[in-house]
Amino acid sequence: MRKINKKETFQIATKGDLVQIHKVILTPGQRAENLPESTKAVPYEAWVKGFLLDEKAKVGDTVRIETFIGRELYGTLAEVNPVYDHNFGKPRPELLRIGMEVKKQIEMKRGAKP
């Protein structure tokens with residue numbers, strides 16, 4: 001059996017692995033004319049996570065996936081076992097207490113004490 005290094009393990013996926021694909025939805029020439037020039041100049045792209053339906057694939061291959069809601073899509077394999085690394089940024093001090101303040105105002109209108 002061939003030994004696989006750590007870097008290679010994340011470059012190859014097998015059927016059922018969680019993967020992320022990339023696909024171009026619209027090329028710059030297909031984009032709407034009324035968009036700003038900076039937007040029209042780039043493709044409209046999608047990155048979608050799902051489970052690999054092909055038996056085996058490596059990053060860069062065209063693959064077929066099933067998304068979490070059951071859609072079947074094709075695209076270029078971009079990542080194997082992708083991480084969720086998005087966030088909502090740093091807290092805004094002016095927004096931190098809004099929820100509590102709104103709750104107090106609602107309770108006061110209903111006649112309850114805060």
# chains A, B, ... in the order shown; residues from 1 in each chain; ligands from 1
call {"tool": "residues_around", "arguments": {"residues": "Arg31 in chain A", "least_positions_apart": "6", "cutoff": "8 Å", "atoms": "only C-alpha atoms", "output": "list in words"}}
result
Lys40, Pro43 and Tyr44 of chain A
call {"tool": "write_last_selection", "arguments": {"atoms": "C-alpha atoms", "output": "tab-separated table (two decimals), in the first residue's frame"}}
result
chain	number	residue	atom	x	y	z
A	40	LYS	CA	-19.12	43.77	-14.97
A	43	PRO	CA	-17.26	36.71	-13.53
A	44	TYR	CA	-20.21	35.88	-11.27
call {"tool": "select_by_dssp", "arguments": {"residues": "chain A", "states": "strand (DSSP E or B)", "output": "JSON, numbers by chain"}}
result
{"A": [12, 13, 14, 18, 19, 20, 21, 22, 23, 24, 25, 26, 44, 45, 46, 47, 48, 49, 50, 51, 52, 56, 57, 58, 62, 63, 64, 65, 66, 72, 73, 74, 75, 76, 77, 78, 79, 80]}
call {"tool": "residues_around", "arguments": {"residues": "Leu18 in chain A", "least_positions_apart": "6", "cutoff": "6 Å", "atoms": "only C-alpha atoms", "output": "JSON, numbers by chain"}}
result
{"A": [50, 51, 81]}
call {"tool": "write_last_selection", "arguments": {"atoms": "C-alpha atoms", "output": "CSV table (one decimal), in the first residue's frame"}}
result
chain,number,residue,atom,x,y,z
A,50,GLY,CA,-21.6,19.2,-0.8
A,51,PHE,CA,-20.9,15.5,-0.9
A,81,ASN,CA,-13.1,18.8,3.8
call {"tool": "atom_distance", "arguments": {"atom1": "CA of Glu55 in chain A", "atom2": "CA of Lys15 in chain A"}}
result
4.7 Å
call {"tool": "atom_distance", "arguments": {"atom1": "CA of Val19 in chain A", "atom2": "CA of Gly89 in chain A"}}
result
25.2 Å
call {"tool": "residues_around", "arguments": {"residues": "Ala78 in chain A", "least_positions_apart": "4", "cutoff": "7 Å", "atoms": "only C-alpha atoms", "output": "JSON, numbers by chain"}}
result
{"A": [20, 21, 22, 59, 60]}
call {"tool": "closest_residue", "arguments": {"among": "A:Ile98, A:Val83, A:Met108, A:Leu73", "to": "Val48 in chain A", "atoms": "only C-alpha atoms"}}
result
A:Leu73
call {"tool": "select_by_dssp", "arguments": {"residues": "range 9-68 of chain A", "states": "alpha helix (DSSP H)", "output": "short mmCIF file (atom, residue, chain, number, x, y, z; two decimals) with C-alpha atoms, in the first residue's frame"}}
result
data_model
loop_
_atom_site.label_atom_id
_atom_site.label_comp_id
_atom_site.auth_asym_id
_atom_site.auth_seq_id
_atom_site.Cartn_x
_atom_site.Cartn_y
_atom_site.Cartn_z
CA THR A 9 -4.78 13.62 1.69
CA GLU A 37 -17.87 48.65 -14.56
CA SER A 38 -15.86 47.07 -11.74
CA THR A 39 -18.59 44.46 -11.25
CA LYS A 40 -19.12 43.77 -14.97
#
call {"tool": "closest_residue", "arguments": {"among": "A:Val63, A:Met100, A:Ile25, A:Gly111", "to": "Val42 in chain A", "atoms": "only C-alpha atoms"}}
result
A:Ile25
call {"tool": "residues_around", "arguments": {"residues": "Ile12 in chain A", "least_positions_apart": "6", "cutoff": "8 Å", "atoms": "only C-alpha atoms", "output": "list in words"}}
result
Lys56, Ala57, Lys58, Val59 and Val80 of chain A
call {"tool": "closest_residue", "arguments": {"among": "A:Pro36, A:Gln11, A:Trp47, A:Ile106", "to": "Gly75 in chain A", "atoms": "only C-alpha atoms"}}
result
A:Trp47
call {"tool": "atom_distance", "arguments": {"atom1": "CA of Glu33 in chain A", "atom2": "CA of Glu45 in chain A"}}
result
17.3 Å
call {"tool": "decode", "arguments": {"residues": "range 76-109 of chain A", "atoms": "N, CA and C atoms", "output": "short mmCIF file (atom, residue, chain, number, x, y, z; two decimals), in the first residue's frame"}}
result
data_model
loop_
_atom_site.label_atom_id
_atom_site.label_comp_id
_atom_site.auth_asym_id
_atom_site.auth_seq_id
_atom_site.Cartn_x
_atom_site.Cartn_y
_atom_site.Cartn_z
N THR A 76 -15.77 22.58 -10.47
CA THR A 76 -14.37 22.23 -10.30
C THR A 76 -14.09 22.01 -8.82
N LEU A 77 -13.55 20.86 -8.48
CA LEU A 77 -13.23 20.57 -7.09
C LEU A 77 -12.20 21.57 -6.58
N ALA A 78 -12.59 22.35 -5.58
CA ALA A 78 -11.73 23.41 -5.05
C ALA A 78 -11.09 23.02 -3.73
N GLU A 79 -11.81 22.24 -2.91
CA GLU A 79 -11.28 21.92 -1.59
C GLU A 79 -11.94 20.64 -1.07
N VAL A 80 -11.16 19.86 -0.36
CA VAL A 80 -11.65 18.64 0.29
C VAL A 80 -11.75 18.94 1.78
N ASN A 81 -12.86 18.55 2.40
CA ASN A 81 -13.11 18.84 3.82
C ASN A 81 -12.98 20.32 4.12
N PRO A 82 -13.76 21.17 3.44
CA PRO A 82 -13.64 22.62 3.63
C PRO A 82 -14.06 23.03 5.04
N VAL A 83 -13.43 24.08 5.52
CA VAL A 83 -13.79 24.60 6.84
C VAL A 83 -14.77 25.76 6.68
N TYR A 84 -15.54 25.99 7.71
CA TYR A 84 -16.41 27.16 7.75
C TYR A 84 -15.66 28.24 8.50
N ASP A 85 -15.09 29.19 7.75
CA ASP A 85 -14.27 30.21 8.38
C ASP A 85 -14.85 31.61 8.28
N HIS A 86 -16.14 31.71 8.01
CA HIS A 86 -16.76 33.03 7.92
C HIS A 86 -17.15 33.52 9.31
N ASN A 87 -17.32 34.83 9.42
CA ASN A 87 -17.80 35.41 10.67
C ASN A 87 -18.51 36.71 10.34
N PHE A 88 -18.99 37.37 11.34
CA PHE A 88 -19.72 38.61 11.13
C PHE A 88 -18.87 39.83 11.48
N GLY A 89 -17.57 39.66 11.59
CA GLY A 89 -16.68 40.76 11.88
C GLY A 89 -16.64 41.10 13.36
N LYS A 90 -15.95 42.17 13.67
CA LYS A 90 -15.82 42.60 15.06
C LYS A 90 -17.13 43.23 15.53
N PRO A 91 -17.45 43.07 16.82
CA PRO A 91 -18.68 43.68 17.34
C PRO A 91 -18.62 45.21 17.22
N ARG A 92 -19.73 45.79 16.87
CA ARG A 92 -19.84 47.24 16.78
C ARG A 92 -20.37 47.75 18.12
N PRO A 93 -19.60 48.58 18.84
CA PRO A 93 -20.03 49.04 20.17
C PRO A 93 -21.42 49.67 20.16
N GLU A 94 -21.75 50.41 19.11
CA GLU A 94 -23.05 51.08 19.07
C GLU A 94 -24.21 50.10 18.88
N LEU A 95 -23.93 48.87 18.50
CA LEU A 95 -24.99 47.88 18.28
C LEU A 95 -25.12 46.87 19.42
N LEU A 96 -24.16 46.83 20.31
CA LEU A 96 -24.13 45.79 21.33
C LEU A 96 -25.34 45.79 22.26
N ARG A 97 -25.86 46.94 22.61
CA ARG A 97 -26.94 47.01 23.59
C ARG A 97 -28.33 47.24 22.97
N ILE A 98 -28.41 47.27 21.66
CA ILE A 98 -29.69 47.57 21.01
C ILE A 98 -30.76 46.54 21.38
N GLY A 99 -30.42 45.26 21.35
CA GLY A 99 -31.40 44.22 21.67
C GLY A 99 -31.98 44.38 23.05
N MET A 100 -31.12 44.66 24.03
CA MET A 100 -31.60 44.84 25.41
C MET A 100 -32.47 46.09 25.52
N GLU A 101 -32.09 47.14 24.82
CA GLU A 101 -32.86 48.39 24.88
C GLU A 101 -34.24 48.21 24.25
N VAL A 102 -34.30 47.53 23.13
CA VAL A 102 -35.59 47.27 22.48
C VAL A 102 -36.49 46.44 23.39
N LYS A 103 -35.93 45.43 24.03
CA LYS A 103 -36.70 44.59 24.95
C LYS A 103 -37.28 45.43 26.08
N LYS A 104 -36.47 46.34 26.65
CA LYS A 104 -36.96 47.23 27.72
C LYS A 104 -38.11 48.08 27.23
N GLN A 105 -37.97 48.65 26.03
CA GLN A 105 -39.03 49.51 25.49
C GLN A 105 -40.31 48.73 25.26
N ILE A 106 -40.23 47.52 24.77
CA ILE A 106 -41.42 46.69 24.54
C ILE A 106 -42.09 46.36 25.87
N GLU A 107 -41.28 46.00 26.87
CA GLU A 107 -41.84 45.68 28.18
C GLU A 107 -42.52 46.89 28.80
N MET A 108 -41.94 48.08 28.61
CA MET A 108 -42.54 49.28 29.17
C MET A 108 -43.88 49.57 28.50
N LYS A 109 -43.98 49.36 27.19
CA LYS A 109 -45.24 49.59 26.48
C LYS A 109 -46.31 48.61 26.92
#
